[in-house]
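Presented below is the structure to which this report refers.
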Amino acid sequence: MERFQAFWSDTAQRARPRQIASAAKDEPTTVKAAERLTENVFHAELPEEIKPVAGEAIHYGMGMLSGAIYGLVADVLPFVRAGNGLLFGAVLWWVADNTAVPAVGLSKRPSAYPPSTHAYALSSHLVYGFVTETVRRVLRLVP
């Protein structure tokens with residue numbers, strides 16, 4: 001998913017560098033989540049120099065948790081594997097990006113973002129779902 005996002009971002013930046021630059025001023029949701037976690041658990045402020053790493057830790061942690069839940073559910077309810085993980089990716093995008101994250105105040109409501117932002121996020125999650133199911137299938141073959 002991360003390689004896909006990097007490719008998309010590079011392509012978009014070449015196409016519209018000024019728009020991308022102004023959008024980049026907002027702190028990523030993962031960094032906002034890391035800040036909130038640090039404040040609520042450790043009662044401290046997250047240092048600026050640690051924010052990028054903390055954001056990545058939140059991102060990968062969420063990915064690992066989602067993948068583990070998917071692996072467990074996919075074994076019990078085979079319909080969850082529909083589209084070789086694409087259904088999982090689409091549902092995760094809807095639940096996380098469009099419902100949970102705005103509900104806890106880490107992002108604006110979905111209607112505040114242009115369709116291109118949603119296309120990027122949905123595409124990224126579809127790639128994640130596909131790769132997650134592919135890895136799950138491979139691991140199931142390993143004795």
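Residue numbers start at 1 in each chain; chains themselves are named A, B, ... in the order of the structure tokens; ligands are numbered from 1 in the order shown.
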Sel. of alpha helix (DSSP H) residues, chain A, as a PyMOL selection string: chain A and resi 2-15+17-23+29-42+51-76+86-92+101-103+115-141
Exercise: Glu2 of chain A partners within 9 Å, only C-alpha atoms, chain neighbours under 4 positions left out, as a ChimeraX atom specification: /A:6-7,124,128
Residues as selected, all heavy atoms, written as a tab-separated table (two decimals), in the first residue's frame, can you do that?
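Saved to selection-v5.tsv:
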```tsv
chain	number	residue	atom	x	y	z
A	6	ALA	N	3.11	6.13	-2.59
A	6	ALA	CA	4.26	6.94	-3.03
A	6	ALA	C	4.18	7.20	-4.53
A	6	ALA	O	4.42	8.33	-4.99
A	6	ALA	CB	5.56	6.23	-2.68
A	7	PHE	N	3.84	6.17	-5.31
A	7	PHE	CA	3.69	6.33	-6.76
A	7	PHE	C	2.60	7.35	-7.06
A	7	PHE	O	2.78	8.26	-7.87
A	7	PHE	CB	3.36	4.98	-7.41
A	7	PHE	CG	2.93	5.09	-8.84
A	7	PHE	CD1	3.86	5.33	-9.83
A	7	PHE	CD2	1.59	4.98	-9.18
A	7	PHE	CE1	3.46	5.45	-11.16
A	7	PHE	CE2	1.18	5.11	-10.50
A	7	PHE	CZ	2.11	5.34	-11.49
A	124	SER	N	-5.75	3.08	-2.45
A	124	SER	CA	-4.72	2.60	-1.52
A	124	SER	C	-5.25	1.45	-0.68
A	124	SER	O	-4.55	0.44	-0.48
A	124	SER	CB	-4.28	3.73	-0.58
A	124	SER	OG	-3.69	4.78	-1.31
A	128	TYR	N	-4.14	-2.49	-0.44
A	128	TYR	CA	-3.87	-3.11	0.87
A	128	TYR	C	-4.70	-4.38	1.05
A	128	TYR	O	-4.18	-5.41	1.47
A	128	TYR	CB	-4.17	-2.10	1.99
A	128	TYR	CG	-4.13	-2.72	3.37
A	128	TYR	CD1	-2.92	-3.07	3.96
A	128	TYR	CD2	-5.30	-2.97	4.08
A	128	TYR	CE1	-2.88	-3.65	5.22
A	128	TYR	CE2	-5.27	-3.54	5.34
A	128	TYR	CZ	-4.06	-3.88	5.90
A	128	TYR	OH	-4.03	-4.46	7.14
```
In terms of only C-alpha atoms, the residue from A:Trp93, A:Phe42, A:Tyr60, A:Tyr70 at minimal distance from Val127 of chain A is A:Trp93
List as an mmCIF file with N, CA, C and O atoms, in the first residue's frame the protein and nucleic acid residues near Ser116 of chain A, meaning an atom at most 10 Å away when only C-alpha atoms are counted, but skip any in the same chain fewer than 5 places from it.
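result35.cif was written with the following content:
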```cif
data_model
loop_
_atom_site.group_PDB
_atom_site.id
_atom_site.type_symbol
_atom_site.label_atom_id
_atom_site.label_comp_id
_atom_site.auth_asym_id
_atom_site.auth_seq_id
_atom_site.Cartn_x
_atom_site.Cartn_y
_atom_site.Cartn_z
ATOM 1 N N ALA A 12 0.818 12.727 -8.764
ATOM 2 C CA ALA A 12 -0.047 13.875 -8.485
ATOM 3 C C ALA A 12 0.763 15.154 -8.305
ATOM 4 O O ALA A 12 0.348 16.223 -8.746
ATOM 5 N N ALA A 121 -7.482 7.455 -1.519
ATOM 6 C CA ALA A 121 -7.609 6.647 -0.305
ATOM 7 C C ALA A 121 -8.245 5.296 -0.606
ATOM 8 O O ALA A 121 -7.765 4.264 -0.122
ATOM 9 N N LEU A 122 -9.300 5.281 -1.399
ATOM 10 C CA LEU A 122 -9.945 4.016 -1.748
ATOM 11 C C LEU A 122 -8.989 3.119 -2.519
ATOM 12 O O LEU A 122 -8.866 1.927 -2.214
#
```
*For Thr29 of chain A, work out the shell of residues within 10 Å, counting only C-alpha atoms and skipping chain neighbours fewer than 6 positions away, then give it as a ChimeraX atom specification.*
/A:35,55,58-59,97,101-102,105-107
Given only C-alpha atoms as the basis, pick out the residue of A:Leu87, A:Ala112, A:Trp94, A:Tyr120 nearest to Glu133 of chain A.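 Residue with the minimum atom-to-atom distance to Glu133 of chain A: A:Leu87.
You will find atom CA of Leu139 of chain A at 15.1 Å from atom CA of Val73 of chain A.
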One residue among A:Ala74, A:Val131, A:Leu126, A:Ala57 is nearest to Val91 of chain A when using only C-alpha atoms, and that residue is A:Leu126
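Shortest separation to Gly71 of chain A among A:Arg137, A:Phe4, A:Val142, A:Val53 occurs at residue A:Arg137, atoms counted being only C-alpha atoms.
Coordinates place atom CA of Ile69 of chain A at a distance of 12.9 Å from atom CA of Gly85 of chain A.
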